[in-house]
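Just work_18.txt here, compact mmCIF, C-alpha atoms:
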```txt
# COMPACT_ATOMS: atom_id res chain seq x y z
CA MET V 15 67.77 23.36 -11.12
CA ALA V 16 69.16 21.61 -8.02
CA LYS V 17 72.28 23.76 -8.30
CA THR V 18 70.16 26.94 -8.31
CA ILE V 19 68.30 25.82 -5.18
CA LYS V 20 71.57 24.94 -3.48
CA LYS V 21 72.96 28.37 -4.27
CA PHE V 22 69.69 30.00 -3.17
CA ASP V 23 70.16 28.48 0.30
CA LYS V 24 73.63 29.98 0.61
CA ASN V 25 73.15 33.37 -1.04
CA VAL V 26 72.86 36.53 1.04
CA PHE V 27 71.64 39.64 -0.73
CA ILE V 28 73.45 42.72 0.60
CA ASN V 29 71.45 45.92 0.55
CA CYS V 30 73.63 48.67 1.93
CA PRO V 31 75.25 51.95 0.88
CA PHE V 32 78.37 51.53 -1.24
CA ASP V 33 79.81 54.94 -0.51
CA LYS V 34 83.20 55.73 1.00
CA LYS V 35 81.70 56.36 4.43
CA TYR V 36 80.20 52.90 4.61
CA LYS V 37 83.36 51.05 3.51
CA PRO V 38 84.63 50.49 7.09
CA LEU V 39 81.43 48.53 7.72
CA LEU V 40 81.11 46.83 4.34
CA LYS V 41 84.35 44.83 4.48
CA PRO V 42 83.71 43.30 7.93
CA LEU V 43 80.13 42.57 6.85
CA LEU V 44 81.27 40.67 3.74
CA PHE V 45 84.01 38.90 5.67
CA THR V 46 81.61 37.70 8.41
CA ILE V 47 79.14 36.29 5.88
CA LEU V 48 81.93 34.47 4.02
CA TYR V 49 83.45 33.24 7.29
CA LEU V 50 80.10 31.67 8.19
CA GLY V 51 80.08 29.81 4.87
CA TYR V 52 77.55 31.96 2.99
CA GLN V 53 77.88 33.90 -0.26
CA PRO V 54 77.29 37.66 -0.23
CA ARG V 55 75.51 38.93 -3.37
CA ILE V 56 75.75 42.60 -4.19
CA ALA V 57 74.58 44.80 -7.05
CA SER V 58 78.15 45.71 -8.01
CA GLU V 59 79.27 42.08 -8.43
CA SER V 60 78.87 42.45 -12.19
CA SER V 61 78.94 45.63 -14.22
CA ASP V 62 77.10 45.01 -17.44
CA SER V 63 76.12 48.50 -18.57
CA GLY V 64 73.39 46.93 -20.67
CA GLU V 65 71.56 45.67 -17.59
CA THR V 66 69.60 48.17 -15.54
CA ARG V 67 70.41 48.34 -11.86
CA ILE V 68 66.87 47.56 -10.79
CA ASN V 69 66.79 44.37 -12.88
CA LYS V 70 70.06 43.33 -11.33
CA ILE V 71 68.54 43.89 -7.87
CA PHE V 72 65.42 41.86 -8.73
CA LYS V 73 67.65 39.01 -9.91
CA LEU V 74 69.78 39.07 -6.75
CA ILE V 75 66.71 39.15 -4.50
CA GLN V 76 65.21 36.16 -6.29
CA GLU V 77 68.47 34.22 -6.09
CA SER V 78 69.02 34.81 -2.36
CA LYS V 79 67.30 33.10 0.52
CA TYR V 80 68.87 35.50 3.01
CA SER V 81 69.38 39.23 2.99
CA VAL V 82 71.00 41.95 5.05
CA HIS V 83 69.44 45.40 4.74
CA ASP V 84 71.26 48.32 6.31
CA LEU V 85 68.96 51.30 6.82
CA SER V 86 71.55 53.45 8.54
CA ARG V 87 71.36 56.12 5.84
CA ILE V 88 67.66 56.86 6.32
CA LYS V 89 68.69 60.13 7.96
CA SER V 90 70.78 62.72 6.16
CA SER V 91 73.96 63.56 8.06
CA LYS V 92 74.30 67.21 7.04
CA LYS V 93 72.16 70.14 5.89
CA ASP V 94 70.72 69.82 2.36
CA GLU V 95 71.93 66.24 2.03
CA ILE V 96 69.23 64.05 0.58
CA PHE V 97 68.61 60.90 2.56
CA ARG V 98 68.92 57.62 0.66
CA LEU V 99 65.78 55.81 -0.41
CA ASN V 100 67.36 52.88 -2.23
CA MET V 101 67.79 50.74 0.87
CA PRO V 102 64.19 50.97 2.16
CA PHE V 103 62.94 50.46 -1.42
CA GLU V 104 65.01 47.28 -1.92
CA LEU V 105 63.92 46.02 1.51
CA GLY V 106 60.32 46.46 0.34
CA VAL V 107 61.00 44.50 -2.85
CA ASP V 108 62.63 41.71 -0.82
CA ILE V 109 59.72 41.48 1.64
CA GLY V 110 57.29 41.60 -1.31
CA CYS V 111 59.12 38.71 -2.98
CA ARG V 112 58.85 36.64 0.22
CA LYS V 113 55.19 37.52 0.72
CA PHE V 114 53.79 37.15 -2.77
CA LYS V 115 56.06 34.98 -4.93
CA GLY V 116 55.29 31.73 -3.10
CA GLY V 117 57.31 28.51 -3.26
CA LYS V 118 60.82 28.52 -1.84
CA TRP V 119 60.67 32.33 -1.65
CA ASN V 120 58.32 32.00 1.36
CA THR V 121 61.33 30.75 3.31
CA LYS V 122 63.35 33.92 2.74
CA LYS V 123 64.76 35.55 5.87
CA CYS V 124 66.21 38.99 6.41
CA LEU V 125 68.29 40.89 8.89
CA ILE V 126 67.63 44.63 9.12
CA LEU V 127 70.39 46.81 10.50
CA GLU V 128 70.40 50.43 11.62
CA THR V 129 72.87 52.70 13.36
CA LYS V 130 70.64 53.50 16.32
CA PRO V 131 67.88 51.37 17.81
CA TYR V 132 64.27 52.57 17.24
CA ARG V 133 65.24 55.52 14.98
CA TYR V 134 63.86 53.68 11.94
CA GLN V 135 60.36 53.69 13.51
CA LYS V 136 60.06 57.40 12.78
CA ALA V 137 60.92 56.95 9.09
CA LEU V 138 59.43 53.53 8.48
CA SER V 139 56.66 52.99 10.99
CA ASP V 140 55.35 49.98 9.02
CA LEU V 141 58.31 48.12 10.46
CA SER V 142 57.46 48.95 14.09
CA ASN V 143 57.60 45.79 16.20
CA SER V 144 60.00 44.20 13.69
CA GLU V 145 63.25 43.14 15.21
CA ILE V 146 65.94 45.45 13.93
CA LYS V 147 69.54 45.32 15.14
CA SER V 148 71.67 48.39 15.69
CA HIS V 149 75.40 48.43 14.96
CA LYS V 150 76.21 51.99 16.16
CA ASP V 151 78.38 52.40 13.01
CA ASP V 152 80.94 50.23 14.77
CA PRO V 153 82.50 47.37 12.73
CA LYS V 154 82.96 45.09 15.77
CA THR V 155 79.33 45.50 16.78
CA LEU V 156 78.25 44.83 13.20
CA VAL V 157 80.27 41.57 13.12
CA ARG V 158 78.61 40.50 16.40
CA ARG V 159 75.09 41.36 15.23
CA VAL V 160 75.50 39.55 11.90
CA ARG V 161 77.19 36.49 13.43
CA ASN V 162 74.51 36.18 16.14
CA TRP V 163 71.67 36.59 13.65
CA PHE V 164 73.04 33.77 11.49
CA VAL V 165 73.43 31.52 14.52
CA GLU V 166 69.87 32.24 15.73
CA THR V 167 68.24 32.09 12.32
CA MET V 168 70.03 29.10 10.86
CA GLU V 169 70.35 27.35 14.21
CA ILE V 170 73.94 26.52 13.35
CA ASP V 171 76.34 25.52 16.08
CA ASN V 172 80.10 25.31 16.56
CA VAL V 173 80.43 28.82 15.23
CA LYS V 174 83.47 30.81 16.35
CA SER V 175 82.77 33.84 18.55
CA ALA V 176 82.37 37.32 17.11
CA ALA V 177 85.71 38.27 18.72
CA VAL V 178 87.47 35.44 16.84
CA ILE V 179 85.84 36.48 13.54
CA TRP V 180 86.88 40.09 14.18
CA ASP V 181 90.49 39.05 14.92
CA ASN V 182 90.51 36.93 11.75
CA PHE V 183 89.24 39.89 9.77
CA ASN V 184 92.12 42.03 11.10
CA GLU V 185 94.64 39.32 10.21
CA PHE V 186 93.09 39.06 6.76
CA MET V 187 93.48 42.83 6.31
CA SER V 188 97.19 42.66 7.12
CA ASP V 189 97.78 39.70 4.76
CA PHE V 190 95.75 41.41 2.06
CA PHE V 191 97.72 44.65 2.44
CA PHE V 192 101.10 42.85 2.59
CA LYS V 193 100.52 40.56 -0.41
CA ARG V 194 98.93 43.15 -2.66
CA LYS V 195 101.73 45.66 -1.92
CA LYS V 196 104.25 42.97 -2.88
CA GLU V 197 102.33 42.44 -6.12
CA GLY V 198 102.69 46.13 -6.94
CA PHE V 199 99.28 47.43 -5.86
CA LYS V 200 99.36 51.05 -4.74
CA LYS V 201 97.27 52.60 -1.95
CA ALA V 202 94.72 53.95 -4.44
CA ASP V 203 94.46 50.50 -6.12
CA LEU V 204 93.64 48.95 -2.76
CA GLN V 205 91.17 51.69 -1.81
CA GLU V 206 89.30 51.44 -5.10
CA MET V 207 89.53 47.70 -5.56
CA PRO V 208 86.26 46.30 -6.94
CA ILE V 209 84.16 44.51 -4.32
CA PRO V 210 84.08 41.16 -6.23
CA GLU V 211 87.89 41.12 -6.22
CA ILE V 212 87.98 41.73 -2.46
CA ILE V 213 85.38 38.99 -1.95
CA LYS V 214 87.58 36.57 -3.91
CA PHE V 215 90.61 37.39 -1.74
CA MET V 216 88.52 36.97 1.41
CA LYS V 217 87.19 33.60 0.22
CA ASP V 218 90.68 32.30 -0.60
CA TRP V 219 92.07 33.53 2.71
CA ILE V 220 89.27 31.96 4.77
CA ARG V 221 89.61 28.66 2.89
CA SER V 222 93.35 28.47 3.47
CA LYS V 223 92.97 29.52 7.12
CA LYS V 224 90.39 26.77 7.74
CA GLU V 225 92.59 24.17 5.99
CA GLN V 226 95.53 25.30 8.09
CA ASN V 227 93.47 24.87 11.29
CA VAL V 228 92.48 21.34 10.27
CA HIS V 229 96.11 20.38 9.75
CA GLU V 230 97.40 21.96 12.98
CA MET F 14 126.77 42.49 4.65
CA ALA F 15 124.41 39.83 5.99
CA LYS F 16 120.92 40.12 4.57
CA LYS F 17 118.23 40.91 7.15
CA LYS F 18 115.98 37.90 7.64
CA SER F 19 112.38 38.75 6.79
CA SER F 20 109.91 38.24 9.62
CA THR F 21 107.52 35.35 9.36
CA LYS F 22 103.76 35.76 9.46
CA LYS F 23 103.61 33.86 12.74
CA SER F 24 105.90 36.31 14.51
CA ARG F 25 103.68 39.28 13.67
CA VAL F 26 102.04 41.07 16.56
CA HIS F 27 98.77 42.91 15.96
CA VAL F 28 97.22 45.86 17.75
CA ILE F 29 93.48 45.39 17.29
CA SER F 30 90.49 47.46 18.36
CA ARG F 31 88.36 45.98 21.12
CA ASP F 32 85.18 47.19 22.86
CA LYS F 33 87.17 48.25 25.90
CA GLY F 34 90.44 49.38 24.35
CA TRP F 35 93.20 47.92 22.23
CA ALA F 36 94.31 44.30 22.20
CA VAL F 37 97.84 43.09 21.63
CA LYS F 38 97.55 39.78 19.82
CA LYS F 39 100.15 37.49 18.33
CA GLU F 40 99.32 36.25 14.83
CA GLY F 41 97.45 32.95 14.97
CA ALA F 42 97.04 32.97 18.76
CA SER F 43 93.55 32.09 19.90
CA ARG F 44 93.43 34.94 22.41
CA ALA F 45 94.84 38.38 22.86
CA THR F 46 97.85 38.70 25.16
CA LYS F 47 96.37 41.71 26.91
CA ILE F 48 93.95 44.57 26.40
CA TYR F 49 95.07 48.13 27.05
CA LYS F 50 92.90 51.20 27.45
CA GLY F 51 95.17 53.42 25.37
CA LYS F 52 96.35 52.65 21.85
CA ASP F 53 99.81 54.16 22.44
CA THR F 54 100.45 51.82 25.37
CA ALA F 55 99.26 48.84 23.32
CA VAL F 56 101.61 49.77 20.46
CA LYS F 57 104.56 50.10 22.89
CA LYS F 58 103.83 46.69 24.45
CA ALA F 59 103.36 45.09 21.03
CA THR F 60 106.67 46.53 19.82
CA LYS F 61 108.44 45.12 22.89
CA SER F 62 106.85 41.70 22.36
CA ALA F 63 107.64 41.67 18.63
CA LYS F 64 111.26 42.65 19.26
CA LYS F 65 111.80 39.51 21.32
CA LYS F 66 110.56 37.30 18.48
CA GLY F 67 112.00 39.36 15.67
CA GLY F 68 108.60 40.05 14.18
CA ASP F 69 106.70 43.03 12.76
CA VAL F 70 103.99 45.01 14.50
CA VAL F 71 100.78 45.65 12.60
CA VAL F 72 98.78 48.53 14.03
CA HIS F 73 95.16 48.43 12.90
CA LYS F 74 92.62 51.25 12.73
CA ARG F 75 89.21 50.91 14.39
CA ASP F 76 87.80 49.45 11.17
CA GLY F 77 90.52 46.76 10.94
CA SER F 78 92.46 48.40 8.11
CA ILE F 79 96.19 49.06 8.48
CA GLN F 80 97.31 52.24 10.19
CA LYS F 81 101.00 51.43 10.51
CA TRP F 82 103.31 48.53 9.78
CA ILE F 83 106.35 48.58 12.04
CA LYS F 84 109.08 46.42 10.50
CA LYS F 85 111.40 44.52 12.81
```

structure tokens encoding of this file:
Amino acid sequence: MAKTIKKFDKNVFINCPFDKKYKPLLKPLLFTILYLGYQPRIASESSDSGETRINKIFKLIQESKYSVHDLSRIKSSKKDEIFRLNMPFELGVDIGCRKFKGGKWNTKKCLILETKPYRYQKALSDLSNSEIKSHKDDPKTLVRRVRNWFVETMEIDNVKSAAVIWDNFNEFMSDFFFKRKKEGFKKADLQEMPIPEIIKFMKDWIRSKKEQNVHE
Amino acid sequence: MAKKKSSTKKSRVHVISRDKGWAVKKEGASRATKIYKGKDTAVKKATKSAKKKGGDVVVHKRDGSIQKWIKK
């Protein structure tokens, strides 16, 4: 039980689009959370076809004290494109869990992201006056918003600047590319690599980088 | 023929996106050497710097992924 609670305090439920267009934001988002010492939890981390997606989401929400919800797809980008409702729905489930489940779930905290500030108010006016951060679809801005939210919310100090995290992410990307190519991975393998595998590489890289810094 | 020595990780020079342009940054350095408005200029400067140390230049895209890897 203690182990579950410990994990709960470190888990961050990620509620964002997993499409190709969002990938440039997803990797820096995962990297920043891992760099800060937390564990991103996403629906695609396991693919048991016997488990329904919604049950997987419920489980992740219950196991995570923190969450990042990206509502940047609340507006369709072209004619006849249907806007995505999954993200606002999962945000609602997360807030419901915090509000009604009681116990440790009352301590849940969430960061809501959007591309543009205030746009969400038109689609989700219930959230008016909530503090939502905009990332302008820019990975560097997203790293800064996420890093600053963790620092403010967790009141942690001695955290490297967003610029340092961003530079580390770029160095990780070059090491990742270089090593995987050497191991025989092709461009398509790298582009379609499952998220849990990327998370594992990120974790290993951050661990070895931090150990290296201690010894230098 | 003498085998070309492979460049070490530490001698890599990166061209990384910044809010106000493109940074030239040596691998592992705590700060960027300089920030340039144009990416082409940054790549040229990075190539010059890498040449001195016998390292590679890694040109990143705006999202941090690799655009080009210029071997020494």

Exercise. What residues in chain F have any atom no more than 8 Å from chain V when counting only C-alpha atoms, and can you write them as a ChimeraX atom specification?
Worked result: /F:27,29,31-32,40,43,71,73,75-79

Output C-alpha atoms of each residue in that selection to a file, as a PDB file, in the coordinates of the input.
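Contents of the output file part.pdb:
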```
ATOM      1  CA  HIS F  27      98.770  42.910  15.960  1.00  0.00           C
ATOM      2  CA  ILE F  29      93.480  45.390  17.290  1.00  0.00           C
ATOM      3  CA  ARG F  31      88.360  45.980  21.120  1.00  0.00           C
ATOM      4  CA  ASP F  32      85.180  47.190  22.860  1.00  0.00           C
ATOM      5  CA  GLU F  40      99.320  36.250  14.830  1.00  0.00           C
ATOM      6  CA  SER F  43      93.550  32.090  19.900  1.00  0.00           C
ATOM      7  CA  VAL F  71     100.780  45.650  12.600  1.00  0.00           C
ATOM      8  CA  HIS F  73      95.160  48.430  12.900  1.00  0.00           C
ATOM      9  CA  ARG F  75      89.210  50.910  14.390  1.00  0.00           C
ATOM     10  CA  ASP F  76      87.800  49.450  11.170  1.00  0.00           C
ATOM     11  CA  GLY F  77      90.520  46.760  10.940  1.00  0.00           C
ATOM     12  CA  SER F  78      92.460  48.400   8.110  1.00  0.00           C
ATOM     13  CA  ILE F  79      96.190  49.060   8.480  1.00  0.00           C
TER      14      ILE F  79
END
```

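Using only C-alpha atoms, the nearest neighbour of Ser148 in chain V within the list V:Lys118, V:Lys217, V:Ser63, V:Asp84 is V:Asp84.
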
Neighbouring residues of Met168 in chain V were defined as those with any atom within 12 Å, considering only C-alpha atoms; residues of the same chain fewer than 2 positions away were excluded. Please report them as a PDB file with C-alpha atoms, keeping the file's coordinate frame.
```
ATOM      1  CA  ASP V  23      70.160  28.480   0.300  1.00  0.00           C
ATOM      2  CA  LYS V  24      73.630  29.980   0.610  1.00  0.00           C
ATOM      3  CA  LEU V  50      80.100  31.670   8.190  1.00  0.00           C
ATOM      4  CA  GLY V  51      80.080  29.810   4.870  1.00  0.00           C
ATOM      5  CA  TYR V  52      77.550  31.960   2.990  1.00  0.00           C
ATOM      6  CA  LYS V  79      67.300  33.100   0.520  1.00  0.00           C
ATOM      7  CA  TYR V  80      68.870  35.500   3.010  1.00  0.00           C
ATOM      8  CA  THR V 121      61.330  30.750   3.310  1.00  0.00           C
ATOM      9  CA  LYS V 122      63.350  33.920   2.740  1.00  0.00           C
ATOM     10  CA  LYS V 123      64.760  35.550   5.870  1.00  0.00           C
ATOM     11  CA  CYS V 124      66.210  38.990   6.410  1.00  0.00           C
ATOM     12  CA  VAL V 160      75.500  39.550  11.900  1.00  0.00           C
ATOM     13  CA  ARG V 161      77.190  36.490  13.430  1.00  0.00           C
ATOM     14  CA  ASN V 162      74.510  36.180  16.140  1.00  0.00           C
ATOM     15  CA  TRP V 163      71.670  36.590  13.650  1.00  0.00           C
ATOM     16  CA  PHE V 164      73.040  33.770  11.490  1.00  0.00           C
ATOM     17  CA  VAL V 165      73.430  31.520  14.520  1.00  0.00           C
ATOM     18  CA  GLU V 166      69.870  32.240  15.730  1.00  0.00           C
ATOM     19  CA  ILE V 170      73.940  26.520  13.350  1.00  0.00           C
ATOM     20  CA  ASP V 171      76.340  25.520  16.080  1.00  0.00           C
ATOM     21  CA  VAL V 173      80.430  28.820  15.230  1.00  0.00           C
TER      22      VAL V 173
END
```

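Taking CA of Ser78 in chain V and CA of Phe22 in chain V as endpoints, the distance between them is 4.9 Å.
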
For this session: Considering all atoms listed in the file, return as a PyMOL selection string whatever protein or nucleic-acid residues lie within 10 Å of Lys47 in chain F, sequence-local ones (same chain, fewer than 3 positions apart) excluded.
Result: chain F and resi 35-38+44+55+58-59

Polymer residues at most 9 Å from range 24-26 of chain F, all atoms listed in the file, same-chain spacing of 2 or more positions, as a compact mmCIF listing (two decimals) with C-alpha atoms, keeping the file's coordinate frame:
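Writing done, so here's around-v4.txt:
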```txt
# COMPACT_ATOMS: atom_id res chain seq x y z
CA SER F 20 109.91 38.24 9.62
CA THR F 21 107.52 35.35 9.36
CA LYS F 22 103.76 35.76 9.46
CA VAL F 28 97.22 45.86 17.75
CA VAL F 37 97.84 43.09 21.63
CA LYS F 38 97.55 39.78 19.82
CA LYS F 39 100.15 37.49 18.33
CA GLU F 40 99.32 36.25 14.83
CA GLY F 41 97.45 32.95 14.97
CA ALA F 59 103.36 45.09 21.03
CA THR F 60 106.67 46.53 19.82
CA SER F 62 106.85 41.70 22.36
CA ALA F 63 107.64 41.67 18.63
CA LYS F 66 110.56 37.30 18.48
CA GLY F 67 112.00 39.36 15.67
CA GLY F 68 108.60 40.05 14.18
CA ASP F 69 106.70 43.03 12.76
CA VAL F 70 103.99 45.01 14.50
CA VAL F 71 100.78 45.65 12.60
CA VAL F 72 98.78 48.53 14.03
```

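For the residues F:Gln80, F:Lys85, F:Lys65, F:Lys33, ranking by smallest atom-to-atom distance to Tyr49 in chain F using all atoms listed in the file places F:Lys33 first.
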
How big is the axis-aligned box around all listed atoms of range 116-131 of chain V once 3 Å goes on each side, and where's its centre, in Å to one decimal, as JSON?
```
{"center_x": 64.1, "center_y": 41.0, "center_z": 7.3, "size_x": 23.6, "size_y": 31.0, "size_z": 27.1}
```

For this session: Would you mind listing what lies within 10 Å of Phe27 in chain V as a ChimeraX atom specification, with all atoms listed in the file counted and same-chain residues fewer than 6 positions away left out?
Result: /V:53-57,71,74-83,108,124

For this session: Just the residues within 10 Å of Glu128 in chain V, please, counting only C-alpha atoms, with nothing from its chain fewer than 5 positions along; format it as an MDAnalysis selection string.
Result: chainID V and resid 83:88 133:134 146:151 156

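CA of Leu99 in chain V lies 15.3 Å from CA of Leu141 in chain V.
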
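Take CA of Asn69 in chain V and CA of Met207 in chain V: the distance between them is 24.1 Å.
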
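For the choices V:Arg159, V:Lys92, V:Ile179, V:Lys195, the atom-to-atom distance to Thr129 in chain V is smallest for V:Arg159 when using all atoms listed in the file.
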